[in-house]
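Okay, protein_4.cif is below, mmCIF, C-alpha atoms:
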```cif
data_input
#
loop_
_atom_site.label_atom_id
_atom_site.label_comp_id
_atom_site.auth_asym_id
_atom_site.auth_seq_id
_atom_site.Cartn_x
_atom_site.Cartn_y
_atom_site.Cartn_z
CA MET T 1 91.91 -66.74 12.47
CA SER T 2 90.23 -67.03 15.84
CA ALA T 3 86.66 -65.91 16.49
CA ASP T 4 87.98 -63.15 18.80
CA SER T 5 90.32 -61.83 16.09
CA LEU T 6 87.53 -61.84 13.53
CA GLN T 7 85.20 -60.00 15.94
CA ALA T 8 87.90 -57.38 16.58
CA LEU T 9 88.20 -56.78 12.81
CA LEU T 10 84.43 -56.45 12.50
CA ASP T 11 84.32 -54.04 15.46
CA ARG T 12 87.09 -51.87 14.02
CA GLU T 13 85.38 -51.69 10.65
CA ALA T 14 82.05 -50.76 12.26
CA ILE T 15 83.79 -47.94 14.18
CA ARG T 16 85.47 -46.64 10.99
CA ASP T 17 82.13 -46.75 9.17
CA CYS T 18 80.59 -44.67 11.97
CA LEU T 19 83.39 -42.08 11.67
CA TYR T 20 82.80 -41.82 7.91
CA ARG T 21 79.03 -41.43 8.42
CA TYR T 22 79.81 -38.48 10.69
CA CYS T 23 81.88 -36.86 7.91
CA ARG T 24 79.14 -37.36 5.32
CA GLY T 25 76.59 -36.03 7.76
CA ILE T 26 78.52 -32.87 8.63
CA ASP T 27 79.59 -32.13 5.04
CA ARG T 28 76.21 -32.83 3.42
CA CYS T 29 74.03 -31.45 6.27
CA ASP T 30 72.57 -34.94 6.52
CA GLU T 31 70.86 -35.01 9.89
CA ALA T 32 70.10 -38.74 9.82
CA ALA T 33 73.75 -39.61 9.11
CA LEU T 34 74.96 -37.27 11.86
CA ARG T 35 72.57 -38.61 14.46
CA SER T 36 73.44 -42.21 13.50
CA ALA T 37 77.06 -41.57 14.50
CA TYR T 38 76.20 -40.71 18.14
CA TRP T 39 74.22 -42.42 20.88
CA GLU T 40 71.18 -40.40 21.97
CA ASP T 41 72.81 -39.64 25.34
CA ALA T 42 76.25 -38.83 23.87
CA ARG T 43 78.30 -35.80 24.90
CA ASP T 44 80.35 -33.61 22.55
CA CYS T 45 83.06 -31.09 23.41
CA HIS T 46 83.50 -29.42 20.03
CA GLY T 47 85.34 -26.13 20.40
CA ALA T 48 82.88 -23.54 21.65
CA TRP T 49 80.23 -26.26 22.09
CA ASN T 50 80.39 -28.44 25.19
CA GLY T 51 77.21 -30.35 25.85
CA SER T 52 74.95 -32.98 24.37
CA ALA T 53 75.77 -34.36 20.94
CA SER T 54 72.15 -33.72 19.99
CA GLY T 55 72.56 -30.05 20.89
CA PHE T 56 75.79 -29.88 18.87
CA ILE T 57 74.01 -31.36 15.85
CA ASP T 58 71.08 -28.93 16.19
CA GLN T 59 73.27 -25.82 16.32
CA ALA T 60 75.71 -27.06 13.66
CA LEU T 61 72.93 -27.89 11.18
CA ALA T 62 71.24 -24.53 11.76
CA ARG T 63 74.49 -22.79 10.78
CA MET T 64 75.44 -25.09 7.93
CA ARG T 65 72.01 -25.06 6.30
CA GLN T 66 72.57 -21.38 5.64
CA GLY T 67 75.11 -22.47 3.01
CA GLY T 68 78.83 -22.44 2.61
CA ARG T 69 81.29 -25.18 1.78
CA ARG T 70 83.00 -27.77 3.95
CA VAL T 71 85.04 -30.92 3.55
CA HIS T 72 86.12 -33.26 6.35
CA GLN T 73 88.71 -36.01 5.95
CA ILE T 74 89.64 -38.56 8.62
CA THR T 75 93.03 -40.27 8.74
CA ASN T 76 95.24 -42.23 11.17
CA VAL T 77 92.40 -43.95 12.99
CA LEU T 78 93.68 -45.74 16.08
CA ILE T 79 91.20 -48.00 17.85
CA GLU T 80 91.77 -49.64 21.22
CA LEU T 81 89.02 -52.13 21.95
CA HIS T 82 87.92 -53.03 25.49
CA GLY T 83 84.86 -55.25 25.29
CA ASP T 84 81.86 -53.05 24.48
CA ARG T 85 83.91 -49.85 24.77
CA ALA T 86 86.68 -48.42 22.65
CA ALA T 87 89.07 -45.49 22.82
CA VAL T 88 89.39 -44.05 19.32
CA GLU T 89 91.72 -41.31 18.10
CA SER T 90 91.16 -40.02 14.56
CA ASN T 91 93.06 -37.22 12.87
CA PHE T 92 90.92 -34.86 10.82
CA PHE T 93 91.40 -32.20 8.20
CA ALA T 94 88.52 -29.76 7.71
CA LEU T 95 88.28 -27.00 5.14
CA GLN T 96 85.37 -24.64 5.71
CA ALA T 97 83.81 -21.43 4.41
CA THR T 98 80.51 -20.05 5.71
CA ALA T 99 77.65 -18.61 3.66
CA ALA T 100 78.18 -15.25 5.38
CA ARG T 101 81.89 -15.20 4.40
CA PRO T 102 82.36 -17.46 1.36
CA ASP T 103 85.69 -15.73 0.66
CA ARG T 104 87.06 -16.62 4.13
CA GLU T 105 88.62 -20.07 4.19
CA THR T 106 89.37 -21.88 7.45
CA PHE T 107 91.62 -24.93 7.42
CA LEU T 108 91.54 -26.95 10.64
CA CYS T 109 93.53 -30.00 11.63
CA GLY T 110 93.07 -31.92 14.82
CA ARG T 111 91.89 -35.11 16.38
CA TYR T 112 88.63 -36.61 17.50
CA ALA T 113 89.20 -38.30 20.87
CA ASP T 114 86.15 -40.56 21.04
CA ARG T 115 84.77 -43.03 23.51
CA PHE T 116 82.77 -45.48 21.45
CA GLU T 117 80.28 -47.90 22.94
CA ARG T 118 78.70 -50.99 21.45
CA ARG T 119 75.05 -51.28 22.38
CA ALA T 120 72.83 -54.04 21.02
CA GLY T 121 75.67 -54.93 18.63
CA GLU T 122 76.08 -51.41 17.18
CA TRP T 123 79.05 -49.05 17.67
CA ARG T 124 78.51 -45.29 18.05
CA VAL T 125 80.19 -42.32 19.71
CA ALA T 126 79.27 -41.99 23.40
CA ALA T 127 81.60 -39.05 24.11
CA ARG T 128 83.71 -36.88 21.81
CA THR T 129 86.37 -34.30 22.54
CA VAL T 130 87.76 -32.39 19.57
CA VAL T 131 91.44 -31.56 19.96
CA TYR T 132 92.63 -28.73 17.69
CA ASP T 133 96.23 -28.97 16.44
CA TRP T 134 96.33 -26.51 13.53
CA ILE T 135 94.39 -23.60 12.05
CA GLU T 136 94.93 -21.44 9.00
CA GLU T 137 92.57 -18.71 7.93
CA ARG T 138 92.88 -16.77 4.73
CA THR T 139 90.85 -14.67 2.35
CA ARG T 140 90.23 -16.08 -1.11
CA PRO T 141 88.07 -13.64 -3.14
CA GLU T 142 87.59 -16.18 -5.95
CA ALA T 143 85.85 -18.57 -3.53
CA ALA T 144 82.92 -16.13 -3.23
CA GLN T 145 81.85 -16.92 -6.82
CA ASP T 146 78.82 -19.11 -7.46
CA SER T 147 79.47 -22.79 -8.14
CA ALA T 148 79.20 -22.50 -11.93
CA ALA T 149 81.84 -19.78 -12.09
CA LEU T 150 84.06 -21.31 -9.42
CA PHE T 151 84.10 -24.89 -10.72
CA GLY T 152 83.41 -24.33 -14.43
CA LEU T 153 83.31 -27.67 -16.23
CA ARG T 154 84.07 -29.57 -13.02
CA GLN T 155 80.52 -30.76 -12.42
CA PRO T 156 78.62 -31.96 -10.45
CA VAL T 157 79.44 -29.89 -7.39
CA GLY T 158 78.89 -31.10 -3.84
CA CYS T 159 75.78 -29.83 -2.06
CA ALA T 160 73.53 -30.57 0.90
CA ALA T 161 71.38 -33.67 1.28
CA PRO T 162 69.28 -34.84 -0.44
CA MET T 163 70.37 -33.03 -3.63
CA ASP T 164 74.02 -34.20 -3.56
CA THR T 165 74.95 -36.78 -6.19
CA ILE T 166 75.64 -39.48 -3.58
CA TYR T 167 71.97 -39.64 -2.57
CA GLY T 168 70.88 -40.36 -6.16
CA LEU T 169 73.48 -43.13 -6.35
CA LEU T 170 72.39 -44.57 -3.00
CA GLY T 171 68.75 -44.55 -4.08
CA ALA T 172 69.51 -46.29 -7.36
CA VAL T 173 71.70 -48.97 -5.75
CA ARG T 174 69.19 -49.60 -2.96
CA ALA T 175 66.35 -49.94 -5.50
CA GLY T 176 68.32 -52.68 -7.27
#
```
Please lay out the structure from this file as structure tokens.
Amino acid sequence: MSADSLQALLDREAIRDCLYRYCRGIDRCDEAALRSAYWEDARDCHGAWNGSASGFIDQALARMRQGGRRVHQITNVLIELHGDRAAVESNFFALQATAARPDRETFLCGRYADRFERRAGEWRVAARTVVYDWIEERTRPEAAQDSAALFGLRQPVGCAAPMDTIYGLLGAVRAG
């Protein structure tokens, strides 16, 4: 394998890792993970939000920290590398319910159309446009129950950082 081919594999993996950090950040209300997915000067066109990525993160976290549930999954990641820039298309599935309406489920499918940039050897989103391809909204009265009633013996239940199980695991592994 040539050095160029190896570098392309490393670049692609770094971009995928960045996309997954975004998902953890948005689902767990993990501000550090979210901010690490974008460059400080990044732009984000995210539905009703069209402005700085930092502004998107601020308003999204304010809403999400009120509670609710959300899960984001990324699939079909296509990466076209061009030196220190990349065009990246990622399909997403998002299932969301707000704290104000825990019985109202929104299922979104779409794509992140991202311009990634490598700066000082690190890949992050420089500009994102969210393309929406599908939406379903429905009322699920059972989803308004508290976690113990809703999940029963299926424990632990996902929650915001730093209380989610993954942060305990990360701490233990990092401590050796």
- [ ] Output the residue selection produced by the PyMOL selection byres ((chain T and resi 141) around 12) on the file above, formatted as a PyMOL selection string.
- [x] chain T and resi 97+101-105+138-140+142-146+150
For Val130 of chain T, find every residue with an atom within 10 Å (counting only C-alpha atoms), except residues of its own chain fewer than 2 positions away, and show them as a PDB file with C-alpha atoms, keeping the file's coordinate frame.
```pdb
ATOM      1  CA  ASP T  44      80.350 -33.610  22.550  1.00  0.00           C
ATOM      2  CA  CYS T  45      83.060 -31.090  23.410  1.00  0.00           C
ATOM      3  CA  HIS T  46      83.500 -29.420  20.030  1.00  0.00           C
ATOM      4  CA  GLY T  47      85.340 -26.130  20.400  1.00  0.00           C
ATOM      5  CA  GLU T  89      91.720 -41.310  18.100  1.00  0.00           C
ATOM      6  CA  SER T  90      91.160 -40.020  14.560  1.00  0.00           C
ATOM      7  CA  ASN T  91      93.060 -37.220  12.870  1.00  0.00           C
ATOM      8  CA  PHE T  92      90.920 -34.860  10.820  1.00  0.00           C
ATOM      9  CA  GLY T 110      93.070 -31.920  14.820  1.00  0.00           C
ATOM     10  CA  ARG T 111      91.890 -35.110  16.380  1.00  0.00           C
ATOM     11  CA  TYR T 112      88.630 -36.610  17.500  1.00  0.00           C
ATOM     12  CA  ALA T 113      89.200 -38.300  20.870  1.00  0.00           C
ATOM     13  CA  ASP T 114      86.150 -40.560  21.040  1.00  0.00           C
ATOM     14  CA  ARG T 128      83.710 -36.880  21.810  1.00  0.00           C
ATOM     15  CA  TYR T 132      92.630 -28.730  17.690  1.00  0.00           C
ATOM     16  CA  ASP T 133      96.230 -28.970  16.440  1.00  0.00           C
TER      17      ASP T 133
END
```
Open item on the list: What's the separation between atom CA of Ala100 of chain T and atom CA of Ile74 of chain T, in Å to one decimal place?
Closed with: 26.2 Å
Task: Selection near Thr98 of chain T, 8 Å with only C-alpha atoms, sequence-local residues under 6 positions removed, as a PyMOL selection string - done: chain T and resi 64+67-69+104
Open item on the list: Can you spell out as a ChimeraX atom specification the set of residues that the PyMOL selection byres ((chain T and resi 28) around 7) selects in the structure I just provided?
Closed with: /T:24-27,29-30,159-161
Would you mind listing what lies within 12 Å of Arg16 of chain T as a CSV table (one decimal) with C-alpha atoms, keeping the file's coordinate frame, with only C-alpha atoms counted and same-chain residues fewer than 2 positions away left out?
```csv
chain,number,residue,atom,x,y,z
T,9,LEU,CA,88.2,-56.8,12.8
T,10,LEU,CA,84.4,-56.4,12.5
T,11,ASP,CA,84.3,-54.0,15.5
T,12,ARG,CA,87.1,-51.9,14.0
T,13,GLU,CA,85.4,-51.7,10.6
T,14,ALA,CA,82.0,-50.8,12.3
T,18,CYS,CA,80.6,-44.7,12.0
T,19,LEU,CA,83.4,-42.1,11.7
T,20,TYR,CA,82.8,-41.8,7.9
T,21,ARG,CA,79.0,-41.4,8.4
T,22,TYR,CA,79.8,-38.5,10.7
T,23,CYS,CA,81.9,-36.9,7.9
T,37,ALA,CA,77.1,-41.6,14.5
T,74,ILE,CA,89.6,-38.6,8.6
T,75,THR,CA,93.0,-40.3,8.7
T,76,ASN,CA,95.2,-42.2,11.2
T,77,VAL,CA,92.4,-44.0,13.0
T,78,LEU,CA,93.7,-45.7,16.1
T,79,ILE,CA,91.2,-48.0,17.8
T,86,ALA,CA,86.7,-48.4,22.6
T,88,VAL,CA,89.4,-44.0,19.3
T,89,GLU,CA,91.7,-41.3,18.1
T,90,SER,CA,91.2,-40.0,14.6
T,114,ASP,CA,86.2,-40.6,21.0
T,116,PHE,CA,82.8,-45.5,21.4
T,123,TRP,CA,79.0,-49.0,17.7
T,124,ARG,CA,78.5,-45.3,18.0
T,125,VAL,CA,80.2,-42.3,19.7
```
- [ ] May I ask which of the residues T:Leu169, T:Ala99, T:Ala48, T:Ile15 is the closest one to Arg65 of chain T, counting only C-alpha atoms?
- [x] T:Ala99
TODO: Report the distance between atom CA of Leu170 of chain T and atom CA of Ala148 of chain T in Å, rounded to one decimal place.
DONE: 24.8 Å
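Atom CA of Pro162 of chain T is positioned 21.3 Å from atom CA of Leu95 of chain T.
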Segment 38-56 of chain T: axis-aligned bounding box, 8 Å on each side, centre and edge lengths in Å, one decimal, as lines of an AutoDock Vina configuration file:
```
center_x = 78.3
center_y = -33.0
center_z = 22.0
size_x = 30.2
size_y = 34.9
size_z = 23.7
```
Task: Protein/DNA/RNA residues near (80.8, -31.5, -7.0), cut 12 Å, only C-alpha atoms, as a PyMOL selection string - done: chain T and resi 28+69-71+147-148+150-160+163-166
- [ ] Apply the PyMOL selection byres ((chain T and resi 35) around 9) to the displayed file and report the matching residues as a ChimeraX atom specification.
- [x] /T:22,25,30-34,36-40,53-54,57
Since the input has fewer atoms than a full residue there, write segment 96-107 of chain T out with all heavy atoms, as a JSON list (two decimals), keeping the file's coordinate frame.
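Written out: selection_33.json:
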```
[["chain", "number", "residue", "atom", "x", "y", "z"],
["T", 96, "GLN", "N", 86.71, -25.19, 5.55],
["T", 96, "GLN", "CA", 85.37, -24.64, 5.71],
["T", 96, "GLN", "C", 85.30, -23.19, 5.25],
["T", 96, "GLN", "O", 86.26, -22.43, 5.41],
["T", 96, "GLN", "CB", 84.95, -24.70, 7.19],
["T", 96, "GLN", "CG", 85.02, -26.07, 7.78],
["T", 96, "GLN", "CD", 84.90, -26.08, 9.29],
["T", 96, "GLN", "OE1", 85.24, -25.14, 9.97],
["T", 96, "GLN", "NE2", 84.42, -27.20, 9.82],
["T", 97, "ALA", "N", 84.15, -22.82, 4.71],
["T", 97, "ALA", "CA", 83.81, -21.43, 4.41],
["T", 97, "ALA", "C", 82.31, -21.28, 4.67],
["T", 97, "ALA", "O", 81.52, -22.13, 4.26],
["T", 97, "ALA", "CB", 84.14, -21.07, 2.97],
["T", 98, "THR", "N", 81.92, -20.24, 5.37],
["T", 98, "THR", "CA", 80.51, -20.05, 5.71],
["T", 98, "THR", "C", 79.78, -19.31, 4.59],
["T", 98, "THR", "O", 80.41, -18.68, 3.73],
["T", 98, "THR", "CB", 80.36, -19.23, 7.01],
["T", 98, "THR", "OG1", 80.86, -17.92, 6.77],
["T", 98, "THR", "CG2", 81.11, -19.89, 8.16],
["T", 99, "ALA", "N", 78.45, -19.35, 4.63],
["T", 99, "ALA", "CA", 77.65, -18.61, 3.66],
["T", 99, "ALA", "C", 77.85, -17.11, 3.85],
["T", 99, "ALA", "O", 77.87, -16.36, 2.88],
["T", 99, "ALA", "CB", 76.18, -18.98, 3.80],
["T", 100, "ALA", "N", 78.00, -16.69, 5.09],
["T", 100, "ALA", "CA", 78.18, -15.25, 5.38],
["T", 100, "ALA", "C", 79.52, -14.74, 4.87],
["T", 100, "ALA", "O", 79.63, -13.56, 4.50],
["T", 100, "ALA", "CB", 78.05, -15.00, 6.89],
["T", 101, "ARG", "N", 80.54, -15.59, 4.85],
["T", 101, "ARG", "CA", 81.89, -15.20, 4.40],
["T", 101, "ARG", "C", 82.45, -16.27, 3.47],
["T", 101, "ARG", "O", 83.40, -16.96, 3.81],
["T", 101, "ARG", "CB", 82.83, -15.01, 5.59],
["T", 101, "ARG", "CG", 82.60, -13.83, 6.47],
["T", 101, "ARG", "CD", 82.95, -12.48, 5.82],
["T", 101, "ARG", "NE", 84.22, -12.41, 5.11],
["T", 101, "ARG", "CZ", 85.39, -12.07, 5.64],
["T", 101, "ARG", "NH1", 85.47, -11.78, 6.92],
["T", 101, "ARG", "NH2", 86.48, -12.03, 4.89],
["T", 102, "PRO", "N", 81.88, -16.41, 2.26],
["T", 102, "PRO", "CA", 82.36, -17.46, 1.36],
["T", 102, "PRO", "C", 83.81, -17.25, 0.91],
["T", 102, "PRO", "O", 84.46, -18.18, 0.44],
["T", 102, "PRO", "CB", 81.39, -17.40, 0.18],
["T", 102, "PRO", "CG", 80.82, -16.03, 0.22],
["T", 102, "PRO", "CD", 80.79, -15.64, 1.68],
["T", 103, "ASP", "N", 84.31, -16.03, 1.06],
["T", 103, "ASP", "CA", 85.69, -15.73, 0.66],
["T", 103, "ASP", "C", 86.69, -16.00, 1.79],
["T", 103, "ASP", "O", 87.89, -15.86, 1.60],
["T", 103, "ASP", "CB", 85.81, -14.28, 0.22],
["T", 103, "ASP", "CG", 85.52, -13.30, 1.34],
["T", 103, "ASP", "OD1", 84.72, -13.62, 2.25],
["T", 103, "ASP", "OD2", 86.10, -12.19, 1.32],
["T", 104, "ARG", "N", 86.21, -16.38, 2.96],
["T", 104, "ARG", "CA", 87.06, -16.62, 4.13],
["T", 104, "ARG", "C", 87.19, -18.12, 4.35],
["T", 104, "ARG", "O", 86.23, -18.79, 4.73],
["T", 104, "ARG", "CB", 86.45, -15.96, 5.37],
["T", 104, "ARG", "CG", 87.28, -16.08, 6.60],
["T", 104, "ARG", "CD", 88.42, -15.11, 6.55],
["T", 104, "ARG", "NE", 89.12, -15.12, 7.82],
["T", 104, "ARG", "CZ", 90.34, -14.70, 7.96],
["T", 104, "ARG", "NH1", 90.97, -14.20, 6.93],
["T", 104, "ARG", "NH2", 90.92, -14.73, 9.12],
["T", 105, "GLU", "N", 88.37, -18.65, 4.10],
["T", 105, "GLU", "CA", 88.62, -20.07, 4.19],
["T", 105, "GLU", "C", 89.29, -20.40, 5.52],
["T", 105, "GLU", "O", 90.25, -19.73, 5.90],
["T", 105, "GLU", "CB", 89.55, -20.46, 3.04],
["T", 105, "GLU", "CG", 89.98, -21.88, 2.98],
["T", 105, "GLU", "CD", 90.94, -22.09, 1.83],
["T", 105, "GLU", "OE1", 90.44, -22.35, 0.72],
["T", 105, "GLU", "OE2", 92.16, -21.97, 2.03],
["T", 106, "THR", "N", 88.77, -21.41, 6.21],
["T", 106, "THR", "CA", 89.37, -21.88, 7.45],
["T", 106, "THR", "C", 89.79, -23.32, 7.26],
["T", 106, "THR", "O", 88.97, -24.17, 6.89],
["T", 106, "THR", "CB", 88.38, -21.78, 8.63],
["T", 106, "THR", "OG1", 87.97, -20.42, 8.78],
["T", 106, "THR", "CG2", 89.02, -22.26, 9.93],
["T", 107, "PHE", "N", 91.07, -23.58, 7.50],
["T", 107, "PHE", "CA", 91.62, -24.93, 7.42],
["T", 107, "PHE", "C", 91.97, -25.36, 8.83],
["T", 107, "PHE", "O", 92.76, -24.71, 9.51],
["T", 107, "PHE", "CB", 92.88, -24.92, 6.53],
["T", 107, "PHE", "CG", 93.57, -26.25, 6.44],
["T", 107, "PHE", "CD1", 92.94, -27.35, 5.88],
["T", 107, "PHE", "CD2", 94.87, -26.40, 6.91],
["T", 107, "PHE", "CE1", 93.58, -28.57, 5.79],
["T", 107, "PHE", "CE2", 95.52, -27.62, 6.82],
["T", 107, "PHE", "CZ", 94.88, -28.71, 6.25]]
```
